[in-house]
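Pasting upload-v8.cif here (mmCIF, C-alpha atoms):
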data_final
loop_
_atom_site.label_atom_id
_atom_site.label_comp_id
_atom_site.auth_asym_id
_atom_site.auth_seq_id
_atom_site.Cartn_x
_atom_site.Cartn_y
_atom_site.Cartn_z
CA MET A 151 -1.64 12.09 -20.11
CA LEU A 152 1.06 14.53 -21.23
CA ALA A 153 -0.46 17.31 -19.12
CA VAL A 154 -1.13 15.40 -15.90
CA THR A 155 1.61 12.76 -15.97
CA ALA A 156 4.51 13.35 -18.35
CA TYR A 157 5.00 17.06 -17.63
CA PRO A 158 4.98 16.75 -13.79
CA ILE A 159 7.40 13.82 -13.92
CA GLY A 160 9.67 15.61 -16.37
CA TYR A 161 9.62 18.80 -14.31
CA ALA A 162 10.38 16.85 -11.13
CA VAL A 163 13.39 15.28 -12.85
CA TYR A 164 14.49 18.74 -13.99
CA LEU A 165 14.21 20.21 -10.46
CA SER A 166 16.02 17.21 -8.97
CA LEU A 167 19.09 18.13 -11.03
CA HIS A 168 19.16 21.70 -9.71
CA ARG A 169 19.82 23.45 -6.46
CA ALA A 170 16.26 24.80 -6.18
CA ASP A 171 15.37 26.22 -2.78
CA LEU A 172 12.50 28.72 -2.47
CA ARG A 173 14.26 30.32 0.49
CA PHE A 174 17.14 31.26 -1.84
CA PRO A 175 15.52 31.74 -5.28
CA ASP A 176 18.51 33.60 -6.72
CA ALA A 177 20.86 30.69 -5.95
CA THR A 178 19.16 28.23 -8.31
CA ARG A 179 21.70 26.42 -10.48
CA PHE A 180 22.39 23.07 -12.15
CA ILE A 181 24.20 20.61 -9.84
CA GLY A 182 23.70 17.28 -11.65
CA LEU A 183 23.17 14.26 -9.39
CA ASP A 184 24.21 15.98 -6.15
CA ASN A 185 20.64 15.93 -4.78
CA TYR A 186 20.40 12.19 -5.36
CA GLU A 187 23.75 11.70 -3.63
CA THR A 188 22.48 13.74 -0.69
CA VAL A 189 19.33 11.64 -0.38
CA LEU A 190 20.94 8.23 -0.90
CA SER A 191 23.76 8.99 1.55
CA SER A 192 21.28 10.04 4.23
CA HIS A 193 20.43 7.60 7.02
CA LEU A 194 16.93 9.12 7.15
CA TRP A 195 16.10 7.99 3.58
CA TRP A 196 17.03 4.37 4.28
CA GLN A 197 15.24 4.41 7.63
CA ASP A 198 12.05 5.76 6.04
CA LEU A 199 12.39 3.31 3.14
CA GLY A 200 12.59 0.44 5.64
CA THR A 201 9.49 1.72 7.43
CA THR A 202 7.63 2.05 4.14
CA VAL A 203 8.54 -1.47 3.00
CA THR A 204 7.55 -2.89 6.41
CA ILE A 205 4.12 -1.26 6.23
CA MET A 206 3.67 -2.35 2.61
CA VAL A 207 4.65 -6.01 3.10
CA ILE A 208 2.72 -6.61 6.33
CA SER A 209 -0.43 -4.75 5.30
CA VAL A 210 -0.61 -6.31 1.82
CA ALA A 211 -0.04 -9.82 3.22
CA ILE A 212 -2.86 -9.41 5.76
CA GLU A 213 -5.12 -7.83 3.16
CA LEU A 214 -4.52 -10.71 0.76
CA ALA A 215 -5.54 -13.30 3.37
CA LEU A 216 -8.59 -11.36 4.59
CA GLY A 217 -9.51 -10.27 1.07
CA MET A 218 -9.53 -13.86 -0.13
CA LEU A 219 -11.74 -14.86 2.80
CA LEU A 220 -14.18 -12.02 2.11
CA ALA A 221 -14.18 -12.80 -1.62
CA VAL A 222 -15.15 -16.40 -0.91
CA VAL A 223 -17.92 -15.24 1.46
CA MET A 224 -19.30 -12.79 -1.11
CA HIS A 225 -19.06 -15.40 -3.88
CA ARG A 226 -20.85 -18.14 -1.94
CA ALA A 227 -23.49 -15.98 -0.23
CA LEU A 228 -26.87 -17.35 -1.27
CA VAL A 229 -29.14 -15.02 0.73
CA GLY A 230 -28.70 -11.24 0.75
CA ARG A 231 -25.67 -11.33 -1.56
CA GLY A 232 -26.08 -7.66 -2.51
CA LEU A 233 -26.33 -6.61 1.14
CA VAL A 234 -23.26 -8.68 2.06
CA ARG A 235 -21.17 -7.14 -0.73
CA ALA A 236 -22.33 -3.60 0.08
CA SER A 237 -21.54 -4.06 3.79
CA ILE A 238 -18.05 -5.39 3.10
CA LEU A 239 -17.27 -2.50 0.75
CA VAL A 240 -18.32 0.25 3.20
CA PRO A 241 -14.79 0.85 4.65
CA TYR A 242 -13.35 1.37 1.16
CA GLY A 243 -15.91 4.10 0.51
CA ILE A 244 -14.80 6.11 3.55
CA ILE A 245 -12.26 8.88 2.96
CA THR A 246 -8.78 7.84 4.13
CA VAL A 247 -8.40 10.88 6.40
CA VAL A 248 -11.69 10.07 8.15
CA ALA A 249 -10.68 6.43 8.60
CA ALA A 250 -7.28 7.49 9.99
CA LEU A 251 -8.92 9.85 12.49
CA ALA A 252 -11.43 7.20 13.54
CA TRP A 253 -8.69 4.65 14.25
CA GLN A 254 -6.60 7.30 15.99
CA PHE A 255 -9.48 7.99 18.38
CA ALA A 256 -10.06 4.25 18.84
CA PHE A 257 -6.48 3.74 20.06
CA THR A 258 -6.23 6.97 22.11
CA PRO A 259 -6.46 6.45 25.91
CA GLY A 260 -9.61 8.01 27.34
CA THR A 261 -11.46 8.36 24.04
CA GLY A 262 -11.05 4.96 22.37
CA PHE A 263 -12.38 1.48 23.01
CA VAL A 264 -9.25 -0.56 22.23
CA ASN A 265 -7.63 -0.16 25.63
CA GLU A 266 -10.93 -0.99 27.34
CA TRP A 267 -11.29 -4.16 25.28
CA LEU A 268 -7.70 -5.23 25.96
CA GLY A 269 -7.75 -4.14 29.61
CA THR A 270 -4.76 -1.78 29.20
CA ASN A 271 -4.06 1.94 29.34
CA ARG A 272 -1.42 2.05 26.61
CA ALA A 273 -0.63 5.16 24.60
CA TRP A 274 -0.36 3.38 21.27
CA LEU A 275 0.74 6.32 19.14
CA THR A 276 3.71 7.31 21.32
CA GLN A 277 5.97 4.33 20.54
CA HIS A 278 7.42 3.03 17.27
CA ASP A 279 6.13 -0.56 17.25
CA SER A 280 2.64 0.21 18.56
CA SER A 281 2.33 3.18 16.17
CA LEU A 282 3.07 0.86 13.26
CA VAL A 283 0.40 -1.52 14.55
CA VAL A 284 -2.21 1.26 14.46
CA ILE A 285 -1.10 2.46 11.00
CA ILE A 286 -1.15 -1.05 9.54
CA ALA A 287 -4.51 -1.83 11.18
CA THR A 288 -5.97 1.32 9.63
CA GLU A 289 -4.59 0.47 6.19
CA VAL A 290 -5.88 -3.10 6.41
CA TRP A 291 -9.36 -2.03 7.51
CA LYS A 292 -9.58 0.64 4.81
CA THR A 293 -8.26 -1.23 1.79
CA THR A 294 -9.06 -4.91 2.38
CA PRO A 295 -12.44 -4.43 0.62
CA PHE A 296 -10.58 -3.24 -2.50
CA MET A 297 -8.46 -6.39 -2.42
CA ALA A 298 -11.58 -8.49 -1.87
CA LEU A 299 -13.31 -6.85 -4.83
CA LEU A 300 -10.45 -7.67 -7.21
CA LEU A 301 -10.21 -11.24 -5.91
CA LEU A 302 -13.99 -11.65 -6.21
CA ALA A 303 -13.73 -10.73 -9.90
CA GLY A 304 -11.10 -13.44 -10.38
CA LEU A 305 -13.09 -15.94 -8.34
CA SER A 306 -16.18 -15.33 -10.46
CA LEU A 307 -14.24 -16.26 -13.61
CA VAL A 308 -13.13 -19.67 -12.34
CA PRO A 309 -14.99 -22.31 -14.41
CA GLU A 310 -17.11 -24.90 -12.62
CA GLU A 311 -15.92 -27.90 -14.66
CA PRO A 312 -12.53 -28.36 -12.94
CA LEU A 313 -14.17 -27.98 -9.52
CA GLU A 314 -16.81 -30.58 -10.36
CA ALA A 315 -14.08 -32.93 -11.60
CA ALA A 316 -12.18 -32.45 -8.32
CA ARG A 317 -15.31 -33.24 -6.29
CA VAL A 318 -15.90 -36.39 -8.36
CA ASP A 319 -12.31 -37.45 -7.58
CA GLY A 320 -13.07 -37.12 -3.88
CA ALA A 321 -11.38 -33.81 -3.12
CA THR A 322 -12.64 -31.83 -0.15
CA ARG A 323 -13.63 -28.18 -0.49
CA ARG A 324 -10.33 -27.09 1.01
CA GLN A 325 -8.34 -29.32 -1.33
CA ALA A 326 -10.34 -28.17 -4.36
CA PHE A 327 -9.78 -24.54 -3.39
CA ARG A 328 -6.04 -25.00 -2.86
CA LYS A 329 -5.35 -27.27 -5.85
CA VAL A 330 -7.86 -25.96 -8.42
CA THR A 331 -9.29 -22.55 -7.57
CA LEU A 332 -6.10 -20.80 -6.43
CA PRO A 333 -4.01 -21.82 -9.48
CA LEU A 334 -6.78 -20.57 -11.78
CA MET A 335 -6.90 -17.28 -9.85
CA LYS A 336 -3.20 -16.47 -10.05
CA GLY A 337 -3.79 -13.70 -12.57
CA ALA A 338 -6.35 -11.99 -10.34
CA VAL A 339 -4.12 -12.43 -7.28
CA LEU A 340 -1.19 -10.88 -9.19
CA VAL A 341 -3.25 -7.84 -10.17
CA ALA A 342 -4.69 -7.40 -6.66
CA VAL A 343 -1.34 -7.67 -4.90
CA LEU A 344 0.39 -5.44 -7.46
CA PHE A 345 -2.21 -2.67 -7.21
CA ARG A 346 -2.18 -2.72 -3.41
CA ALA A 347 1.61 -2.94 -3.16
CA LEU A 348 2.01 0.12 -5.38
CA ASP A 349 -0.60 2.00 -3.37
CA ALA A 350 0.79 0.90 0.01
CA PHE A 351 4.32 1.97 -0.91
CA ARG A 352 3.04 5.52 -1.36
CA VAL A 353 1.26 5.57 2.03
CA PHE A 354 0.86 9.14 3.25
CA ASP A 355 -2.58 10.11 4.60
CA THR A 356 -2.74 7.62 7.47
CA ILE A 357 0.75 8.39 8.79
CA PHE A 358 0.29 12.14 8.35
CA ILE A 359 -2.93 12.12 10.40
CA GLN A 360 -1.98 9.65 13.12
CA THR A 361 1.68 10.36 13.89
CA GLY A 362 2.93 12.95 11.43
CA GLY A 363 5.99 10.73 11.01
CA ALA A 364 6.93 10.80 14.71
CA ASN A 365 8.36 7.75 16.53
CA ASN A 366 10.29 6.73 13.40
CA THR A 367 7.06 6.08 11.48
CA GLU A 368 7.92 8.46 8.64
CA SER A 369 7.43 7.01 5.16
CA VAL A 370 9.29 8.12 2.05
CA SER A 371 6.19 10.09 0.96
CA ILE A 372 6.18 11.99 4.27
CA LEU A 373 9.91 12.63 3.82
CA GLY A 374 9.31 14.09 0.35
CA TYR A 375 6.43 16.20 1.66
CA ASN A 376 8.58 17.65 4.42
CA GLN A 377 11.35 18.58 2.00
CA LEU A 378 9.05 20.09 -0.60
CA LEU A 379 6.46 21.93 1.49
CA ASN A 380 7.93 22.39 4.95
CA ARG A 381 11.58 23.05 4.09
CA LEU A 382 10.80 24.44 0.59
CA ASN A 383 13.78 22.54 -0.85
CA LEU A 384 12.44 21.72 -4.30
CA GLY A 385 15.68 20.13 -5.48
CA VAL A 386 16.04 17.52 -2.72
CA GLY A 387 12.27 17.05 -2.51
CA SER A 388 12.05 16.39 -6.25
CA ALA A 389 14.94 13.92 -6.01
CA ILE A 390 12.99 12.03 -3.33
CA SER A 391 9.87 12.08 -5.52
CA VAL A 392 11.82 10.69 -8.49
CA LEU A 393 13.32 7.95 -6.28
CA ILE A 394 9.82 7.02 -5.06
CA PHE A 395 8.69 6.83 -8.69
CA LEU A 396 11.64 4.57 -9.53
CA CYS A 397 10.88 2.33 -6.54
CA VAL A 398 7.25 2.01 -7.63
CA LEU A 399 8.40 1.25 -11.17
CA ALA A 400 10.82 -1.39 -9.86
CA ILE A 401 8.05 -3.07 -7.83
CA ALA A 402 5.83 -3.19 -10.92
CA VAL A 403 8.63 -4.63 -13.07
CA VAL A 404 9.43 -7.33 -10.48
CA PHE A 405 5.78 -8.37 -10.28
CA VAL A 406 5.15 -8.35 -14.01
CA LYS A 407 8.44 -9.97 -15.04
CA GLY A 408 8.58 -12.44 -12.19
CA PHE A 409 5.06 -13.55 -11.32
CA GLY A 410 3.68 -12.62 -14.74
CA ALA A 411 6.28 -14.78 -16.50
CA ASN A 412 5.45 -17.75 -14.26
CA LEU A 413 1.76 -17.25 -14.99
CA ALA A 414 2.35 -17.14 -18.74
CA GLN A 415 4.52 -20.28 -18.53
CA GLN A 416 1.79 -22.16 -16.68
CA ARG A 417 -0.78 -21.12 -19.26
CA GLY A 418 1.55 -22.31 -22.03
CA GLU A 419 1.96 -25.71 -20.35
CA ARG A 420 -1.78 -26.12 -20.13
#
So that I can check it, write out the structure of this file as structure tokens.
Amino acid sequence: MLAVTAYPIGYAVYLSLHRADLRFPDATRFIGLDNYETVLSSHLWWQDLGTTVTIMVISVAIELALGMLLAVVMHRALVGRGLVRASILVPYGIITVVAALAWQFAFTPGTGFVNEWLGTNRAWLTQHDSSLVVIIATEVWKTTPFMALLLLAGLSLVPEEPLEAARVDGATRRQAFRKVTLPLMKGAVLVAVLFRALDAFRVFDTIFIQTGGANNTESVSILGYNQLLNRLNLGVGSAISVLIFLCVLAIAVVFVKGFGANLAQQRGER
């Protein structure tokens, strides 16, 4: 952990406090928080942060709904349960770059099937809104099975006694699911949403392959990549990396302290 986590984070913090540019190696010097001031005062950082949050919120919300549906299907499948689960998990086993290329071809005029199905000739990846649609669709298709797998684990741990009691009281399946199953699954839902939110906030591969950050689709990870590897500005790039780390940490704290506290309170009341 010290070698692969603590040292890289510590070194990134160190670089973020220096003027470190590989184009001018002799000019390296300590400048304190100037790199952070440069990033946080830049319109590009806030624009990319907004794009990143938009992709994260929309994709995770869709994945939660579809993942819950798939989890219920996998849980209730009586015939061919193994085949059903294997089929649903296929997209998650595909490399992200391959999935991004496949969806890029699907939405490209002349090579894809989307325009033919919709009866249009739209160049989806040349405009901001439609590019986000393709990126989010790719993320949802690729990672919904992961969400479904986590929710299936939580669904499998729900005891049958409360459900049987609800049926005896005359509750329909929908009412039993909403009033009994979902409250008992809040822990699994919290873990699933947290894991996907942290992963979605760091989205890189899909955007890099499909748009390269064009049309205002650049995420904060793409911004950091450009500073570090394209512009060779290790100081500003490291500051962006540290800010991404802090954002991820903040998301985790909000989930654990907020939703986790509510979950613990409900368990205490029971």
Residues in the PyMOL selection byres ((chain A and resi 174) around 12), expressed as a compact mmCIF listing (two decimals) with C-alpha atoms, in the coordinates of the input:
# COMPACT_ATOMS: atom_id res chain seq x y z
CA ARG A 169 19.82 23.45 -6.46
CA ALA A 170 16.26 24.80 -6.18
CA ASP A 171 15.37 26.22 -2.78
CA LEU A 172 12.50 28.72 -2.47
CA ARG A 173 14.26 30.32 0.49
CA PRO A 175 15.52 31.74 -5.28
CA ASP A 176 18.51 33.60 -6.72
CA ALA A 177 20.86 30.69 -5.95
CA THR A 178 19.16 28.23 -8.31
CA ARG A 179 21.70 26.42 -10.48
CA ARG A 381 11.58 23.05 4.09
CA LEU A 382 10.80 24.44 0.59
CA ASN A 383 13.78 22.54 -0.85
CA LEU A 384 12.44 21.72 -4.30
CA GLY A 385 15.68 20.13 -5.48
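Omitting Met224 of chain A and its sequence neighbours fewer than 3 positions away, and counting all atoms listed in the file, the residues within 8 Å are Leu220, Ala221, Ala227, Arg231, Val234, Arg235 and Leu302 of chain A.
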For this session: Name the residues in contact with Ala389 of chain A at a cut-off of 12 Å, using all atoms listed in the file, excluding same-chain residues fewer than 2 positions from it; report them as a ChimeraX atom specification.
Result: /A:159-170,182-190,195,370-371,373-375,377-378,383-387,391-396
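Nearest residue to Tyr242 of chain A, choosing from A:Lys292, A:Arg324, A:Arg226, A:Lys336 and counting only C-alpha atoms: A:Lys292.
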For this session: Just give me the gap between atom CA of Cys397 of chain A and atom CA of Leu282 of chain A in Å, one decimal is fine.
Result: 21.3 Å
For this session: For atom CA of Val222 of chain A and atom CA of Ile285 of chain A, quote the distance in Å rounded to one decimal.
Result: 26.4 Å
Seminar exercise, completed: Correct to one decimal, the distance atom CA of Ala338 of chain A-atom CA of Leu305 of chain A is 8.1 Å
Problem set entry | Using all atoms listed in the file: which of A:Val203, A:Leu216, A:Val247, A:Leu194 has the shortest distance to Phe358 of chain A | A:Val247
Can you list every residue of segment 225-324 of chain A that has an atom at most 9 Å from segment 359-363 of chain A, with its nearest atom pair and the distance in Å to one decimal, using only C-alpha atoms, ordered by chain then number, as a tab-separated table?
residue	atom	partner	partner_atom	distance
A:Val247	CA	A:Ile359	CA	6.9
A:Ala250	CA	A:Ile359	CA	6.4
A:Leu251	CA	A:Ile359	CA	6.7
A:Trp253	CA	A:Gln360	CA	8.4
A:Gln254	CA	A:Gln360	CA	5.9
A:Leu275	CA	A:Thr361	CA	6.7
A:Thr276	CA	A:Thr361	CA	8.3
A:Ser281	CA	A:Thr361	CA	7.6
A:Val284	CA	A:Gln360	CA	8.5
A:Ile285	CA	A:Gln360	CA	7.5
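Closest approach to Leu332 of chain A from the set A:Ala350, A:Leu301, A:Ile181, A:Val223 is made by A:Leu301, with distances taken over only C-alpha atoms.
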For this session: For Leu344 of chain A, list every protein, DNA or RNA residue within 12 Å, evaluated using all atoms listed in the file, and leave out those in the same chain fewer than 4 positions away; present the list as a list in words.
Result: Met206, Val207, Val210, Ala211, Leu214, Met297, Leu300, Lys336, Gly337, Ala338, Val339, Leu340, Leu348, Asp349, Ala350, Phe351, Val398, Leu399, Ala400, Ile401, Ala402, Val403, Val404, Phe405, Val406, Lys407, Gly408, Phe409 and Gly410 of chain A
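Shortest atom-to-atom contact with Lys329 of chain A among A:Val154, A:Leu219, A:Ile205, A:Ala315: A:Ala315, counting all atoms listed in the file.
Across A:Ala364, A:Ser388, A:Asp198, A:Ala303, the tightest approach to Val341 of chain A is made by A:Ala303 when counting all atoms listed in the file.
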For segment 307-314 of chain A: contacts at 8 Å, only C-alpha atoms, fewer than 4 positions along chain excluded, given as a PDB file with C-alpha atoms, in the coordinates of the input:
ATOM      1  CA  ALA A 303     -13.730 -10.730  -9.900  1.00  0.00           C
ATOM      2  CA  VAL A 318     -15.900 -36.390  -8.360  1.00  0.00           C
ATOM      3  CA  ALA A 326     -10.340 -28.170  -4.360  1.00  0.00           C
ATOM      4  CA  VAL A 330      -7.860 -25.960  -8.420  1.00  0.00           C
ATOM      5  CA  THR A 331      -9.290 -22.550  -7.570  1.00  0.00           C
ATOM      6  CA  LEU A 334      -6.780 -20.570 -11.780  1.00  0.00           C
ATOM      7  CA  MET A 335      -6.900 -17.280  -9.850  1.00  0.00           C
TER       8      MET A 335
END
If I only want segment 281-294 of chain A, can you write it with N, CA, C and O atoms, as a PDB file, in the first residue's frame?
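Written output follows (part_37.pdb):
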ATOM      1  N   SER A 281     -22.959  14.393 -27.828  1.00  0.00           N
ATOM      2  CA  SER A 281     -21.745  13.684 -27.416  1.00  0.00           C
ATOM      3  C   SER A 281     -21.890  13.139 -26.002  1.00  0.00           C
ATOM      4  O   SER A 281     -21.493  12.002 -25.718  1.00  0.00           O
ATOM      5  N   LEU A 282     -22.488  13.942 -25.111  1.00  0.00           N
ATOM      6  CA  LEU A 282     -22.722  13.476 -23.750  1.00  0.00           C
ATOM      7  C   LEU A 282     -23.682  12.289 -23.728  1.00  0.00           C
ATOM      8  O   LEU A 282     -23.535  11.378 -22.911  1.00  0.00           O
ATOM      9  N   VAL A 283     -24.656  12.301 -24.630  1.00  0.00           N
ATOM     10  CA  VAL A 283     -25.599  11.179 -24.715  1.00  0.00           C
ATOM     11  C   VAL A 283     -24.851   9.886 -25.046  1.00  0.00           C
ATOM     12  O   VAL A 283     -25.079   8.837 -24.428  1.00  0.00           O
ATOM     13  N   VAL A 284     -23.943   9.960 -26.024  1.00  0.00           N
ATOM     14  CA  VAL A 284     -23.184   8.772 -26.422  1.00  0.00           C
ATOM     15  C   VAL A 284     -22.275   8.310 -25.285  1.00  0.00           C
ATOM     16  O   VAL A 284     -22.184   7.115 -24.992  1.00  0.00           O
ATOM     17  N   ILE A 285     -21.595   9.256 -24.641  1.00  0.00           N
ATOM     18  CA  ILE A 285     -20.688   8.910 -23.536  1.00  0.00           C
ATOM     19  C   ILE A 285     -21.454   8.260 -22.388  1.00  0.00           C
ATOM     20  O   ILE A 285     -21.036   7.224 -21.852  1.00  0.00           O
ATOM     21  N   ILE A 286     -22.583   8.848 -22.008  1.00  0.00           N
ATOM     22  CA  ILE A 286     -23.375   8.305 -20.906  1.00  0.00           C
ATOM     23  C   ILE A 286     -23.947   6.946 -21.278  1.00  0.00           C
ATOM     24  O   ILE A 286     -23.959   6.015 -20.459  1.00  0.00           O
ATOM     25  N   ALA A 287     -24.419   6.802 -22.523  1.00  0.00           N
ATOM     26  CA  ALA A 287     -24.958   5.510 -22.977  1.00  0.00           C
ATOM     27  C   ALA A 287     -23.889   4.426 -22.906  1.00  0.00           C
ATOM     28  O   ALA A 287     -24.163   3.287 -22.491  1.00  0.00           O
ATOM     29  N   THR A 288     -22.667   4.772 -23.289  1.00  0.00           N
ATOM     30  CA  THR A 288     -21.565   3.810 -23.231  1.00  0.00           C
ATOM     31  C   THR A 288     -21.266   3.406 -21.789  1.00  0.00           C
ATOM     32  O   THR A 288     -21.097   2.220 -21.483  1.00  0.00           O
ATOM     33  N   GLU A 289     -21.205   4.401 -20.901  1.00  0.00           N
ATOM     34  CA  GLU A 289     -20.937   4.124 -19.494  1.00  0.00           C
ATOM     35  C   GLU A 289     -22.034   3.249 -18.881  1.00  0.00           C
ATOM     36  O   GLU A 289     -21.754   2.312 -18.139  1.00  0.00           O
ATOM     37  N   VAL A 290     -23.285   3.565 -19.213  1.00  0.00           N
ATOM     38  CA  VAL A 290     -24.408   2.801 -18.670  1.00  0.00           C
ATOM     39  C   VAL A 290     -24.357   1.364 -19.158  1.00  0.00           C
ATOM     40  O   VAL A 290     -24.526   0.413 -18.375  1.00  0.00           O
ATOM     41  N   TRP A 291     -24.133   1.169 -20.458  1.00  0.00           N
ATOM     42  CA  TRP A 291     -24.088  -0.185 -21.019  1.00  0.00           C
ATOM     43  C   TRP A 291     -22.945  -0.993 -20.410  1.00  0.00           C
ATOM     44  O   TRP A 291     -23.095  -2.175 -20.120  1.00  0.00           O
ATOM     45  N   LYS A 292     -21.819  -0.327 -20.202  1.00  0.00           N
ATOM     46  CA  LYS A 292     -20.617  -1.043 -19.733  1.00  0.00           C
ATOM     47  C   LYS A 292     -20.693  -1.404 -18.254  1.00  0.00           C
ATOM     48  O   LYS A 292     -20.261  -2.500 -17.851  1.00  0.00           O
ATOM     49  N   THR A 293     -21.232  -0.518 -17.428  1.00  0.00           N
ATOM     50  CA  THR A 293     -21.095  -0.709 -15.980  1.00  0.00           C
ATOM     51  C   THR A 293     -22.399  -1.043 -15.255  1.00  0.00           C
ATOM     52  O   THR A 293     -22.361  -1.310 -14.050  1.00  0.00           O
ATOM     53  N   THR A 294     -23.529  -1.039 -15.945  1.00  0.00           N
ATOM     54  CA  THR A 294     -24.775  -1.465 -15.302  1.00  0.00           C
ATOM     55  C   THR A 294     -24.672  -2.891 -14.741  1.00  0.00           C
ATOM     56  O   THR A 294     -25.182  -3.161 -13.648  1.00  0.00           O
TER      57      THR A 294
END
